[in-house]
$ cat data07.txt   # compact mmCIF, C-alpha atoms and all ligand atoms
# COMPACT_ATOMS: atom_id res chain seq x y z
CA MET A 1 130.90 110.99 23.99
CA ASN A 2 129.73 107.54 25.03
CA ALA A 3 129.04 107.04 28.73
CA PRO A 4 131.75 104.80 30.27
CA VAL A 5 130.77 101.14 30.61
CA PRO A 6 130.38 100.28 34.31
CA PRO A 7 133.29 97.94 35.16
CA GLU A 8 132.35 94.48 36.42
CA ASN A 9 135.44 94.08 38.58
CA VAL A 10 135.42 96.99 41.07
CA PHE A 11 134.18 94.76 43.85
CA ASP A 12 136.31 91.70 42.99
CA TRP A 13 138.42 92.39 46.09
CA LEU A 14 135.37 91.58 48.23
CA ASP A 15 135.45 87.97 47.00
CA ALA A 16 139.08 87.65 48.06
CA GLU A 17 138.19 89.08 51.49
CA ALA A 18 135.24 86.67 51.79
CA GLU A 19 137.54 83.73 51.02
CA LYS A 20 139.96 84.85 53.73
CA ARG A 21 137.09 85.06 56.26
CA ALA A 22 135.82 81.63 55.20
CA SER A 23 139.19 79.97 55.72
CA ALA A 24 139.54 81.64 59.15
CA GLY A 25 136.07 80.38 60.24
CA LEU A 26 134.75 83.96 60.37
CA VAL A 27 131.72 83.88 58.04
CA ARG A 28 128.60 85.30 59.70
CA GLN A 29 125.01 84.39 59.01
CA LEU A 30 121.67 86.03 59.65
CA ARG A 31 119.19 83.58 61.14
CA PRO A 32 115.66 85.04 61.26
CA ARG A 33 113.91 83.88 64.42
CA PRO A 34 110.21 83.04 64.81
CA PRO A 35 108.03 85.49 66.78
CA VAL A 36 107.91 83.16 69.75
CA ALA A 37 111.23 81.39 70.42
CA GLU A 38 111.13 77.64 69.89
CA GLU A 39 114.54 77.27 71.50
CA LEU A 40 115.51 78.24 75.03
CA ASP A 41 116.98 81.69 74.42
CA LEU A 42 120.35 82.21 76.12
CA ALA A 43 121.62 84.54 73.41
CA GLY A 44 119.45 87.67 73.52
CA ASN A 45 119.73 90.67 75.82
CA ASP A 46 116.14 90.72 77.08
CA TYR A 47 117.48 90.29 80.63
CA LEU A 48 114.25 91.02 82.46
CA GLY A 49 111.95 89.31 79.93
CA LEU A 50 110.20 92.63 79.23
CA ALA A 51 110.41 92.71 75.40
CA ARG A 52 107.26 90.60 75.09
CA ASP A 53 105.58 91.82 78.29
CA LYS A 54 102.03 92.91 77.41
CA ARG A 55 102.44 96.22 79.27
CA VAL A 56 105.53 97.01 77.22
CA ALA A 57 104.50 95.72 73.78
CA GLY A 58 101.00 97.17 74.34
CA ALA A 59 102.43 100.62 75.12
CA ALA A 60 104.49 100.44 71.91
CA ALA A 61 101.44 99.54 69.83
CA ALA A 62 99.27 102.27 71.38
CA ALA A 63 102.01 104.89 70.86
CA ALA A 64 102.43 103.91 67.20
CA LEU A 65 98.69 104.40 66.65
CA ARG A 66 98.67 107.74 68.46
CA TRP A 67 101.96 109.30 67.36
CA GLY A 68 102.74 107.45 64.13
CA ALA A 69 105.19 104.74 63.17
CA GLY A 70 108.24 107.01 63.05
CA SER A 71 109.30 110.15 64.88
CA THR A 72 109.23 112.09 61.53
CA GLY A 73 112.43 114.06 62.03
CA SER A 74 115.54 114.73 64.05
CA ARG A 75 115.08 115.46 67.75
CA LEU A 76 115.70 119.19 67.20
CA VAL A 77 113.14 119.46 64.39
CA THR A 78 110.00 117.29 64.68
CA GLY A 79 111.40 114.15 66.33
CA THR A 80 110.75 115.04 69.98
CA THR A 81 107.36 114.04 71.43
CA GLU A 82 106.01 114.25 74.97
CA LEU A 83 107.05 110.59 75.28
CA HIS A 84 110.70 111.45 74.67
CA THR A 85 110.78 114.17 77.30
CA GLU A 86 108.87 112.06 79.82
CA LEU A 87 111.27 109.16 79.23
CA GLU A 88 114.27 111.45 79.76
CA HIS A 89 112.81 112.79 82.97
CA GLU A 90 111.95 109.32 84.33
CA LEU A 91 115.32 107.76 83.39
CA ALA A 92 117.21 110.58 85.10
CA ARG A 93 115.03 110.30 88.21
CA PHE A 94 115.34 106.51 88.40
CA CYS A 95 119.13 106.50 87.96
CA GLY A 96 119.77 109.51 90.20
CA ALA A 97 121.23 111.68 87.42
CA GLN A 98 120.53 115.40 86.98
CA ALA A 99 119.35 114.94 83.40
CA ALA A 100 119.10 112.47 80.51
CA LEU A 101 119.06 112.62 76.73
CA VAL A 102 117.51 109.89 74.58
CA PHE A 103 119.26 108.80 71.37
CA SER A 104 118.07 106.44 68.62
CA SER A 105 120.35 103.65 69.94
CA GLY A 106 122.97 102.89 72.53
CA PHE A 107 125.52 102.98 69.70
CA THR A 108 124.64 106.58 68.74
CA ALA A 109 124.49 107.59 72.43
CA ASN A 110 128.06 106.36 72.86
CA LEU A 111 129.27 108.00 69.64
CA GLY A 112 127.68 111.29 70.69
CA ALA A 113 128.91 111.23 74.27
CA VAL A 114 132.54 110.32 73.48
CA THR A 115 132.94 112.79 70.62
CA ALA A 116 131.16 115.71 72.31
CA LEU A 117 133.04 115.27 75.60
CA SER A 118 136.51 115.10 74.02
CA GLY A 119 138.08 116.60 70.85
CA ALA A 120 141.49 117.67 69.65
CA GLU A 121 142.33 119.32 72.99
CA SER A 122 141.60 116.11 74.92
CA ALA A 123 143.23 112.88 75.85
CA ILE A 124 141.01 109.81 76.06
CA VAL A 125 142.10 106.87 78.20
CA THR A 126 140.07 103.70 77.66
CA ASP A 127 140.04 100.15 78.85
CA LYS A 128 141.19 98.12 75.85
CA TYR A 129 138.08 95.90 76.02
CA ILE A 130 135.45 98.65 75.62
CA HIS A 131 132.46 98.16 73.33
CA ALA A 132 132.86 98.81 69.59
CA SER A 133 130.56 101.86 69.73
CA LEU A 134 132.88 103.56 72.23
CA ILE A 135 135.89 102.65 70.08
CA GLU A 136 134.22 104.27 67.07
CA GLY A 137 133.56 107.37 69.19
CA CYS A 138 137.24 107.51 70.12
CA ARG A 139 138.27 107.14 66.46
CA LEU A 140 136.02 110.06 65.48
CA SER A 141 137.07 112.27 68.38
CA ARG A 142 140.44 113.58 67.13
CA ALA A 143 141.68 113.19 70.73
CA ASP A 144 144.94 111.50 71.79
CA ILE A 145 143.90 107.95 72.57
CA ALA A 146 145.49 105.54 75.06
CA ALA A 147 143.85 102.10 75.31
CA VAL A 148 145.25 100.57 78.49
CA ALA A 149 145.31 97.03 79.90
CA HIS A 150 141.96 95.59 80.93
CA VAL A 151 140.71 96.81 84.38
CA ASP A 152 144.24 97.98 85.24
CA VAL A 153 143.73 101.04 87.47
CA LYS A 154 147.48 101.76 87.68
CA ALA A 155 147.69 101.83 83.89
CA PHE A 156 144.82 104.35 83.78
CA SER A 157 146.54 106.46 86.40
CA HIS A 158 149.86 106.40 84.51
CA ALA A 159 148.26 107.31 81.17
CA LEU A 160 146.30 110.16 82.77
CA SER A 161 149.21 111.65 84.66
CA THR A 162 151.57 111.52 81.65
CA ARG A 163 149.08 112.87 79.08
CA ARG A 164 150.03 115.78 76.85
CA LYS A 165 146.56 117.29 76.53
CA PRO A 166 144.97 119.52 79.18
CA ARG A 167 141.58 117.79 79.24
CA ALA A 168 141.02 114.09 79.75
CA LEU A 169 138.13 111.66 79.48
CA VAL A 170 138.24 108.11 80.84
CA VAL A 171 135.99 105.69 78.95
CA THR A 172 134.96 102.26 80.16
CA ASP A 173 132.14 99.72 80.06
CA SER A 174 130.69 98.96 83.51
CA VAL A 175 129.97 95.31 82.70
CA PHE A 176 132.17 94.21 79.78
CA SER A 177 130.02 92.90 76.97
CA VAL A 178 132.18 89.91 76.02
CA ASP A 179 133.19 88.33 79.37
CA GLY A 180 130.63 89.93 81.69
CA ASP A 181 133.26 91.06 84.21
CA ILE A 182 132.99 94.49 85.82
CA ALA A 183 135.20 97.59 85.79
CA PRO A 184 136.60 98.92 89.09
CA LEU A 185 134.37 102.01 88.88
CA GLY A 186 135.13 103.40 92.35
CA ASP A 187 138.90 103.21 91.78
CA LEU A 188 138.59 104.70 88.30
CA ALA A 189 136.56 107.62 89.69
CA ARG A 190 139.25 108.19 92.32
CA VAL A 191 142.03 108.19 89.72
CA CYS A 192 140.01 110.57 87.53
CA ARG A 193 139.59 112.95 90.46
CA GLU A 194 143.32 112.82 91.28
CA THR A 195 144.18 113.71 87.68
CA ASN A 196 141.33 116.11 86.85
CA ALA A 197 139.70 113.84 84.28
CA SER A 198 136.02 113.18 83.59
CA LEU A 199 134.61 109.63 83.56
CA LEU A 200 132.25 108.14 80.96
CA ILE A 201 130.74 104.74 81.86
CA ASP A 202 128.77 102.61 79.41
CA ASP A 203 126.24 100.88 81.68
CA ALA A 204 124.49 98.97 78.87
CA HIS A 205 124.78 95.63 80.69
CA GLY A 206 124.52 96.99 84.25
CA PHE A 207 121.32 99.02 83.96
CA GLY A 208 118.33 96.88 85.01
CA VAL A 209 120.58 94.16 86.43
CA LEU A 210 122.93 95.72 89.00
CA GLY A 211 122.34 98.21 91.81
CA GLU A 212 119.29 98.86 93.95
CA GLY A 213 116.20 97.79 91.97
CA GLY A 214 118.27 97.63 88.77
CA ARG A 215 119.46 101.26 88.89
CA GLY A 216 122.72 100.12 87.36
CA ALA A 217 126.42 99.80 88.13
CA VAL A 218 126.99 103.57 88.24
CA HIS A 219 124.35 103.91 90.97
CA GLU A 220 125.74 100.87 92.79
CA ALA A 221 129.23 102.42 92.78
CA GLY A 222 127.84 105.59 94.42
CA LEU A 223 128.60 107.66 91.32
CA ALA A 224 125.04 108.59 90.26
CA GLY A 225 124.58 112.35 90.21
CA ALA A 226 128.34 113.04 90.50
CA PRO A 227 129.40 116.26 88.74
CA ASP A 228 132.26 114.54 86.89
CA VAL A 229 130.58 111.29 85.78
CA VAL A 230 128.48 110.56 82.69
CA ALA A 231 126.71 107.25 82.03
CA THR A 232 125.30 105.82 78.84
CA ILE A 233 122.69 103.08 78.66
CA THR A 234 120.78 101.22 76.00
CA LEU A 235 117.00 100.81 76.10
CA SER A 236 117.34 97.59 74.11
CA LYS A 237 118.56 95.17 76.77
CA SER A 238 116.94 95.26 80.23
CA LEU A 239 114.11 97.49 79.04
CA GLY A 240 113.36 95.19 76.09
CA ALA A 241 112.77 98.18 73.78
CA GLN A 242 115.09 100.08 71.44
CA GLY A 243 117.17 103.25 71.76
CA GLY A 244 119.84 104.64 74.05
CA ALA A 245 120.40 107.44 76.54
CA VAL A 246 123.10 109.55 78.14
CA LEU A 247 122.69 110.42 81.83
CA GLY A 248 124.70 113.08 83.60
CA PRO A 249 125.06 116.64 84.82
CA ARG A 250 122.58 119.09 83.28
CA ARG A 251 125.33 121.08 81.54
CA VAL A 252 126.67 117.92 79.89
CA ILE A 253 123.23 117.13 78.51
CA LYS A 254 122.82 120.70 77.24
CA HIS A 255 126.23 120.43 75.55
CA LEU A 256 125.17 117.19 73.83
CA VAL A 257 121.94 118.76 72.54
CA ASP A 258 123.99 121.55 70.95
CA THR A 259 126.96 119.56 69.68
CA ALA A 260 126.56 115.76 69.52
CA ARG A 261 126.38 114.96 65.83
CA SER A 262 124.81 111.53 66.32
CA PHE A 263 121.98 113.32 68.16
CA ILE A 264 121.56 116.35 65.89
CA PHE A 265 121.83 114.60 62.50
CA ASP A 266 119.82 111.47 63.31
CA THR A 267 116.07 110.85 63.20
CA GLY A 268 114.64 110.76 66.71
CA LEU A 269 113.76 107.47 68.39
CA ALA A 270 110.39 106.08 67.20
CA PRO A 271 107.56 107.05 69.62
CA SER A 272 106.65 103.37 70.01
CA SER A 273 110.16 102.62 71.30
CA ALA A 274 110.06 105.57 73.72
CA ALA A 275 106.66 104.38 75.02
CA ALA A 276 107.92 100.79 75.34
CA ALA A 277 110.97 101.93 77.31
CA LEU A 278 108.77 104.03 79.61
CA ALA A 279 106.42 101.10 80.23
CA ALA A 280 109.38 98.78 80.89
CA LEU A 281 110.87 101.28 83.33
CA ASN A 282 107.53 101.39 85.17
CA ALA A 283 107.48 97.58 85.25
CA LEU A 284 110.98 97.53 86.76
CA LYS A 285 109.99 100.12 89.36
CA ALA A 286 106.96 97.99 90.27
CA GLU A 287 108.99 94.74 90.36
CA PRO A 288 112.49 95.62 91.59
CA GLU A 289 113.07 91.92 92.34
CA LEU A 290 113.51 91.34 88.56
CA ALA A 291 117.10 92.57 88.92
CA THR A 292 117.87 90.08 91.72
CA LYS A 293 116.24 87.25 89.79
CA VAL A 294 118.41 87.75 86.71
CA ARG A 295 121.57 87.93 88.81
CA ASP A 296 120.64 84.71 90.65
CA ALA A 297 119.88 82.91 87.37
CA SER A 298 123.19 84.06 85.93
CA MET A 299 125.20 82.88 88.94
CA ASN A 300 123.41 79.51 88.99
CA LEU A 301 124.09 78.92 85.27
CA ALA A 302 127.75 79.98 85.58
CA MET A 303 128.45 77.86 88.64
CA GLN A 304 126.98 74.75 86.99
CA LEU A 305 129.05 75.36 83.84
CA LYS A 306 132.19 75.84 85.92
CA ALA A 307 131.46 72.60 87.79
CA ALA A 308 131.10 70.87 84.39
CA GLY A 309 134.71 71.88 83.67
CA PHE A 310 134.49 74.94 81.37
CA THR A 311 136.69 78.04 81.48
CA LEU A 312 134.67 81.15 82.35
CA CYS A 313 134.68 84.30 84.50
CA VAL A 314 132.37 84.39 87.52
CA PRO A 315 129.64 86.68 86.20
CA GLU A 316 128.98 90.05 87.85
CA ALA A 317 125.78 90.60 85.89
CA ALA A 318 123.86 88.57 83.27
CA VAL A 319 126.61 87.84 80.72
CA ILE A 320 128.52 84.54 80.82
CA SER A 321 131.30 83.64 78.39
CA VAL A 322 132.57 80.10 77.90
CA HIS A 323 135.88 79.75 76.09
CA ALA A 324 135.96 77.69 72.87
CA PRO A 325 139.13 76.23 71.34
CA SER A 326 138.77 77.95 67.91
CA PRO A 327 136.36 80.09 65.86
CA GLY A 328 135.26 77.08 63.78
CA GLU A 329 134.63 74.92 66.87
CA ALA A 330 132.72 77.78 68.53
CA VAL A 331 130.38 78.01 65.51
CA ALA A 332 129.89 74.24 65.37
CA TRP A 333 129.26 74.12 69.15
CA ALA A 334 126.66 76.91 69.03
CA GLY A 335 125.02 75.15 66.05
CA ALA A 336 124.88 71.82 67.92
CA CYS A 337 123.30 73.57 70.94
CA ALA A 338 120.67 75.14 68.65
CA GLU A 339 119.87 71.72 67.15
CA GLN A 340 119.17 70.53 70.68
CA GLY A 341 116.94 73.48 71.50
CA ILE A 342 119.34 75.88 73.25
CA ARG A 343 120.17 79.14 71.50
CA VAL A 344 123.52 80.58 72.62
CA GLY A 345 125.60 83.40 71.21
CA CYS A 346 128.90 82.77 69.46
CA PHE A 347 131.57 85.48 69.63
CA ARG A 348 134.62 85.28 67.40
CA PRO A 349 137.24 87.74 66.17
CA PRO A 350 136.80 90.65 65.53
CA SER A 351 134.05 90.77 68.20
CA VAL A 352 136.40 89.51 70.92
CA PRO A 353 139.20 91.77 72.15
CA ASP A 354 141.64 88.98 73.06
CA GLY A 355 141.18 86.78 69.97
CA ILE A 356 139.59 83.93 72.01
CA SER A 357 136.32 82.62 70.55
CA ARG A 358 133.52 81.97 72.99
CA LEU A 359 129.99 80.84 73.51
CA ARG A 360 128.28 83.82 75.05
CA LEU A 361 125.29 83.09 77.24
CA THR A 362 122.90 85.56 78.78
CA ALA A 363 120.64 84.94 81.74
CA ARG A 364 117.08 86.18 82.09
CA ALA A 365 114.95 86.88 85.15
CA ASP A 366 112.43 84.22 84.04
CA LEU A 367 114.89 81.29 83.65
CA THR A 368 113.82 78.31 85.76
CA GLU A 369 116.05 75.77 87.52
CA SER A 370 115.04 73.18 84.94
CA ASP A 371 115.93 75.57 82.07
CA VAL A 372 119.39 75.95 83.59
CA ASP A 373 119.82 72.18 84.09
CA ARG A 374 118.78 71.48 80.51
CA ALA A 375 121.11 74.17 79.13
CA VAL A 376 124.12 72.85 81.07
CA LYS A 377 123.42 69.27 79.91
CA VAL A 378 123.22 70.28 76.24
CA ILE A 379 126.25 72.61 76.36
CA THR A 380 128.31 69.85 78.02
CA ALA A 381 127.16 67.08 75.69
CA THR A 382 127.93 69.13 72.56
CA ALA A 383 131.25 70.65 73.70
CA PRO A 384 134.41 70.13 71.65
CA ARG A 385 137.08 68.27 73.60
CA GLY A 386 139.37 71.33 73.88
CA ALA A 387 136.63 73.37 75.63
CA PHE A 388 137.20 71.71 79.02
CA ALA A 389 139.72 73.34 81.34
CA SER A 390 142.77 71.07 81.64
C1 LIG B 401 128.34 97.59 76.04
C2 LIG B 401 127.42 98.03 74.94
N1 LIG B 401 127.33 99.32 74.65
C3 LIG B 401 126.53 99.77 73.66
C4 LIG B 401 125.77 98.91 72.92
C5 LIG B 401 124.93 99.44 71.80
O1 LIG B 401 123.61 99.56 72.17
P1 LIG B 401 122.46 99.49 71.07
O2 LIG B 401 122.33 98.06 70.70
O3 LIG B 401 121.27 100.07 71.74
O4 LIG B 401 122.92 100.30 69.90
C6 LIG B 401 125.82 97.55 73.20
C7 LIG B 401 125.00 96.59 72.46
O5 LIG B 401 124.83 95.98 71.71
C8 LIG B 401 126.68 97.09 74.23
O6 LIG B 401 126.79 95.78 74.50

$ encode --input "data07.txt" --output "structure tokens"
Amino acid sequence: MNAPVPPENVFDWLDAEAEKRASAGLVRQLRPRPPVAEELDLAGNDYLGLARDKRVAGAAAAAALRWGAGSTGSRLVTGTTELHTELEHELARFCGAQAALVFSSGFTANLGAVTALSGAESAIVTDKYIHASLIEGCRLSRADIAAVAHVDVKAFSHALSTRRKPRALVVTDSVFSVDGDIAPLGDLARVCRETNASLLIDDAHGFGVLGEGGRGAVHEAGLAGAPDVVATITLSKSLGAQGGAVLGPRRVIKHLVDTARSFIFDTGLAPSSAAAALAALNALKAEPELATKVRDASMNLAMQLKAAGFTLCVPEAAVISVHAPSPGEAVAWAGACAEQGIRVGCFRPPSVPDGISRLRLTARADLTESDVDRAVKVITATAPRGAFAS
């Protein structure tokens, strides 16, 4: 029998989908950047400016030469080095948690934590604006899911007290990644305690920026080390490295080692990334003022943009979102800023929970007053007319 001829048309539907995205202004493009930014970078997540710090990049290079370019296996086989265990110990100590577990990314840390701490016998109640990685965790969990109104403590309380499942997990970002506003962590912890639920907080944008010396939003809310609270962080933002971690009670961490599929079936974090994160953590311990500097820069930038007439939330951390009238105008605006030497992020559906397109700016500890002035001038001069608050 002749082998069947491979059909040419099985992926034709992708072209129709691409056309739909093009007419909605939702085409995305990869834009490789040079090693040293030519533009003023207000788009990345290197909040403390540590990604290129010689202590951090040097530690990564030395670790690659000593331990190899990759970790060579999953964490439970050959992918755990002394660097991984030291990093876990130091992260837990710094954040005030009993224990920590390092994952290959913040995304896999969130997938692992949500799925392993819930399941078919659980209800999960989430803020409806949580990060995509937490949403994917919820989808994989087989739990009953209720996504409630943004930062609405009463809605959390109602969903928890009317749940059908015996166990419950509340899932929220600390600092929301799109608008940069903050969850009412103390009130959520109280509601969880009243309804016998556990609390999982993604502190990706709080760690390194908020709390004493950058210990994060969970620490700032007085929840570090609590027996019912678990935090996740990424090593790729304030620490300028790569990877993620879960921080929490020792028995939670043990449970993740035994059951979290995104930990067990994933190659361990590269030793160079673990070494970079450790060096960055040491830099933050030595210079706790980095956290204050990034918060000050963020507030300065936001206040000047507000004074220029844009619609934005007052930032709690380093993320600032400026509303744009439409996806197409957001892309054109970000492009015009780049042409004038200011790189800003552009968030459009489906990356925005409320359908509003935005320029997304991030502050860094090393931004100067004149950087901020220049950025505000360019963003204002290139803005579409509908971007100004009426
Ligand atoms: C809130 C939040 N959680 C998790 C992640 C995922 O972290 P990572 O990039 O390390 O996978 C991100 C980042 O992109 C994020 O913004």

$ residues_around --input "data07.txt" --residues "Asp202 in chain A" --least-positions-apart "6" --cutoff "8 Å" --atoms "all atoms listed in the file" --output "JSON, numbers by chain"
{"A": [110, 171, 172, 173, 174, 231, 232, 233]}

$ closest_residue --input "data07.txt" --among "A:Asn45, A:Ser74, A:Ser326, A:Thr162" --to "ligand LIG 401 (chain B)" --atoms "all atoms listed in the file"
A:Asn45

$ closest_atom_pairs --input "data07.txt" --of "chain A" --to "ligand LIG 401 (chain B)" --cutoff "10 Å" --atoms "only C-alpha atoms and all ligand atoms" --output "JSON lines"
{"residue": "A:Asn45", "atom": "CA", "partner": "B:LIG401", "partner_atom": "O5", "distance": 8.4}
{"residue": "A:Phe103", "atom": "CA", "partner": "B:LIG401", "partner_atom": "O3", "distance": 9.0}
{"residue": "A:Ser104", "atom": "CA", "partner": "B:LIG401", "partner_atom": "O3", "distance": 7.8}
{"residue": "A:Ser105", "atom": "CA", "partner": "B:LIG401", "partner_atom": "O3", "distance": 4.1}
{"residue": "A:Gly106", "atom": "CA", "partner": "B:LIG401", "partner_atom": "O3", "distance": 3.4}
{"residue": "A:Phe107", "atom": "CA", "partner": "B:LIG401", "partner_atom": "O4", "distance": 3.7}
{"residue": "A:Thr108", "atom": "CA", "partner": "B:LIG401", "partner_atom": "O4", "distance": 6.6}
{"residue": "A:Ala109", "atom": "CA", "partner": "B:LIG401", "partner_atom": "O4", "distance": 7.9}
{"residue": "A:Asn110", "atom": "CA", "partner": "B:LIG401", "partner_atom": "C3", "distance": 6.8}
{"residue": "A:Leu111", "atom": "CA", "partner": "B:LIG401", "partner_atom": "C3", "distance": 9.6}
{"residue": "A:Tyr129", "atom": "CA", "partner": "B:LIG401", "partner_atom": "C1", "distance": 9.9}
{"residue": "A:Ile130", "atom": "CA", "partner": "B:LIG401", "partner_atom": "C1", "distance": 7.2}
{"residue": "A:His131", "atom": "CA", "partner": "B:LIG401", "partner_atom": "C1", "distance": 5.0}
{"residue": "A:Ala132", "atom": "CA", "partner": "B:LIG401", "partner_atom": "N1", "distance": 7.5}
{"residue": "A:Ser133", "atom": "CA", "partner": "B:LIG401", "partner_atom": "C3", "distance": 6.0}
{"residue": "A:Leu134", "atom": "CA", "partner": "B:LIG401", "partner_atom": "N1", "distance": 7.4}
{"residue": "A:Thr172", "atom": "CA", "partner": "B:LIG401", "partner_atom": "C1", "distance": 9.1}
{"residue": "A:Asp173", "atom": "CA", "partner": "B:LIG401", "partner_atom": "C1", "distance": 5.9}
{"residue": "A:Ser174", "atom": "CA", "partner": "B:LIG401", "partner_atom": "C1", "distance": 7.9}
{"residue": "A:Val175", "atom": "CA", "partner": "B:LIG401", "partner_atom": "C1", "distance": 7.2}
{"residue": "A:Phe176", "atom": "CA", "partner": "B:LIG401", "partner_atom": "C1", "distance": 6.3}
{"residue": "A:Ser177", "atom": "CA", "partner": "B:LIG401", "partner_atom": "O6", "distance": 5.0}
{"residue": "A:Val178", "atom": "CA", "partner": "B:LIG401", "partner_atom": "O6", "distance": 8.1}
{"residue": "A:Gly180", "atom": "CA", "partner": "B:LIG401", "partner_atom": "C1", "distance": 9.8}
{"residue": "A:Ile201", "atom": "CA", "partner": "B:LIG401", "partner_atom": "C1", "distance": 9.5}
{"residue": "A:Asp202", "atom": "CA", "partner": "B:LIG401", "partner_atom": "N1", "distance": 6.0}
{"residue": "A:Asp203", "atom": "CA", "partner": "B:LIG401", "partner_atom": "C1", "distance": 6.9}
{"residue": "A:Ala204", "atom": "CA", "partner": "B:LIG401", "partner_atom": "C1", "distance": 5.0}
{"residue": "A:His205", "atom": "CA", "partner": "B:LIG401", "partner_atom": "C1", "distance": 6.2}
{"residue": "A:Gly206", "atom": "CA", "partner": "B:LIG401", "partner_atom": "C1", "distance": 9.1}
{"residue": "A:Thr232", "atom": "CA", "partner": "B:LIG401", "partner_atom": "N1", "distance": 8.0}
{"residue": "A:Ile233", "atom": "CA", "partner": "B:LIG401", "partner_atom": "C3", "distance": 7.1}
{"residue": "A:Thr234", "atom": "CA", "partner": "B:LIG401", "partner_atom": "O3", "distance": 4.4}
{"residue": "A:Leu235", "atom": "CA", "partner": "B:LIG401", "partner_atom": "O3", "distance": 6.1}
{"residue": "A:Ser236", "atom": "CA", "partner": "B:LIG401", "partner_atom": "O3", "distance": 5.2}
{"residue": "A:Lys237", "atom": "CA", "partner": "B:LIG401", "partner_atom": "O3", "distance": 7.5}
{"residue": "A:Ala241", "atom": "CA", "partner": "B:LIG401", "partner_atom": "O3", "distance": 8.9}
{"residue": "A:Gln242", "atom": "CA", "partner": "B:LIG401", "partner_atom": "O3", "distance": 6.2}
{"residue": "A:Gly243", "atom": "CA", "partner": "B:LIG401", "partner_atom": "O3", "distance": 5.2}
{"residue": "A:Gly244", "atom": "CA", "partner": "B:LIG401", "partner_atom": "O3", "distance": 5.3}
{"residue": "A:Ala245", "atom": "CA", "partner": "B:LIG401", "partner_atom": "O3", "distance": 8.8}

$ closest_residue --input "data07.txt" --among "A:Leu83, A:Ala43, A:Ala318, A:Ala69" --to "Ser238 in chain A" --atoms "all atoms listed in the file"
A:Ala318

$ atom_distance --input "data07.txt" --atom1 "CA of Gly208 in chain A" --atom2 "CA of Ala286 in chain A"
12.6 Å

$ closest_residue --input "data07.txt" --among "A:Ala279, A:Ala189, A:Ala63, A:Ala120" --to "Pro166 in chain A" --atoms "only C-alpha atoms"
A:Ala120

$ atom_distance --input "data07.txt" --atom1 "CA of Leu290 in chain A" --atom2 "CA of Cys313 in chain A"
22.7 Å

$ residues_around --input "data07.txt" --residues "Phe310 in chain A" --least-positions-apart "4" --cutoff "12 Å" --atoms "all atoms listed in the file" --output "PyMOL selection string"
chain A and resi 301-306+314+320-325+358-359+376+379-380+383-390

$ atom_distance --input "data07.txt" --atom1 "CA of Gly70 in chain A" --atom2 "CA of Leu269 in chain A"
7.7 Å

$ residues_near_point --input "data07.txt" --point "(119.7, 77.8, 76.3)" --cutoff "9 Å" --atoms "all atoms listed in the file" --output "list in words"
Glu39, Leu40, Asp41, Leu42, Ala43, Cys337, Ala338, Gly341, Ile342, Arg343, Val344, Leu361, Thr362, Asp371, Val372, Arg374, Ala375, Val376, Val378 and Ile379 of chain A

$ closest_residue --input "data07.txt" --among "A:Ala381, A:Ala334, A:Val153, A:Leu101" --to "Val257 in chain A" --atoms "only C-alpha atoms"
A:Leu101

$ residues_around --input "data07.txt" --residues "range 121-125 of chain A" --least-positions-apart "5" --cutoff "7 Å" --atoms "only C-alpha atoms" --output "PDB file with C-alpha atoms, in the coordinates of the input"
ATOM      1  CA  ALA A 143     141.680 113.190  70.730  1.00  0.00           C
ATOM      2  CA  ASP A 144     144.940 111.500  71.790  1.00  0.00           C
ATOM      3  CA  ILE A 145     143.900 107.950  72.570  1.00  0.00           C
ATOM      4  CA  ALA A 146     145.490 105.540  75.060  1.00  0.00           C
ATOM      5  CA  ALA A 147     143.850 102.100  75.310  1.00  0.00           C
ATOM      6  CA  PHE A 156     144.820 104.350  83.780  1.00  0.00           C
ATOM      7  CA  ALA A 159     148.260 107.310  81.170  1.00  0.00           C
ATOM      8  CA  ARG A 163     149.080 112.870  79.080  1.00  0.00           C
ATOM      9  CA  LYS A 165     146.560 117.290  76.530  1.00  0.00           C
ATOM     10  CA  PRO A 166     144.970 119.520  79.180  1.00  0.00           C
ATOM     11  CA  ARG A 167     141.580 117.790  79.240  1.00  0.00           C
ATOM     12  CA  ALA A 168     141.020 114.090  79.750  1.00  0.00           C
ATOM     13  CA  LEU A 169     138.130 111.660  79.480  1.00  0.00           C
ATOM     14  CA  VAL A 170     138.240 108.110  80.840  1.00  0.00           C
ATOM     15  CA  VAL A 171     135.990 105.690  78.950  1.00  0.00           C
TER      16      VAL A 171
END

$ residues_around --input "data07.txt" --residues "Gly248 in chain A" --least-positions-apart "2" --cutoff "7 Å" --atoms "all atoms listed in the file" --output "list in words"
Ala97, Gln98, Ala99, Ala100, Gly225, Val229, Val230, Ala231, Val246, Arg250, Val252 and Ile253 of chain A

$ residues_around --input "data07.txt" --residues "Ala291 in chain A" --least-positions-apart "5" --cutoff "7 Å" --atoms "only C-alpha atoms" --output "PDB file with C-alpha atoms, keeping the file's coordinate frame"
ATOM      1  CA  GLY A 208     118.330  96.880  85.010  1.00  0.00           C
ATOM      2  CA  VAL A 209     120.580  94.160  86.430  1.00  0.00           C
ATOM      3  CA  LEU A 210     122.930  95.720  89.000  1.00  0.00           C
ATOM      4  CA  GLY A 213     116.200  97.790  91.970  1.00  0.00           C
ATOM      5  CA  GLY A 214     118.270  97.630  88.770  1.00  0.00           C
TER       6      GLY A 214
END

$ closest_residue --input "data07.txt" --among "A:Val114, A:Val10, A:Ala276, A:Leu200" --to "Lys54 in chain A" --atoms "all atoms listed in the file"
A:Ala276

$ residues_near_point --input "data07.txt" --point "(128.6, 80.3, 60.5)" --cutoff "9 Å" --atoms "all atoms listed in the file" --output "MDAnalysis selection string"
chainID A and resid 25:29 328 331:332 335
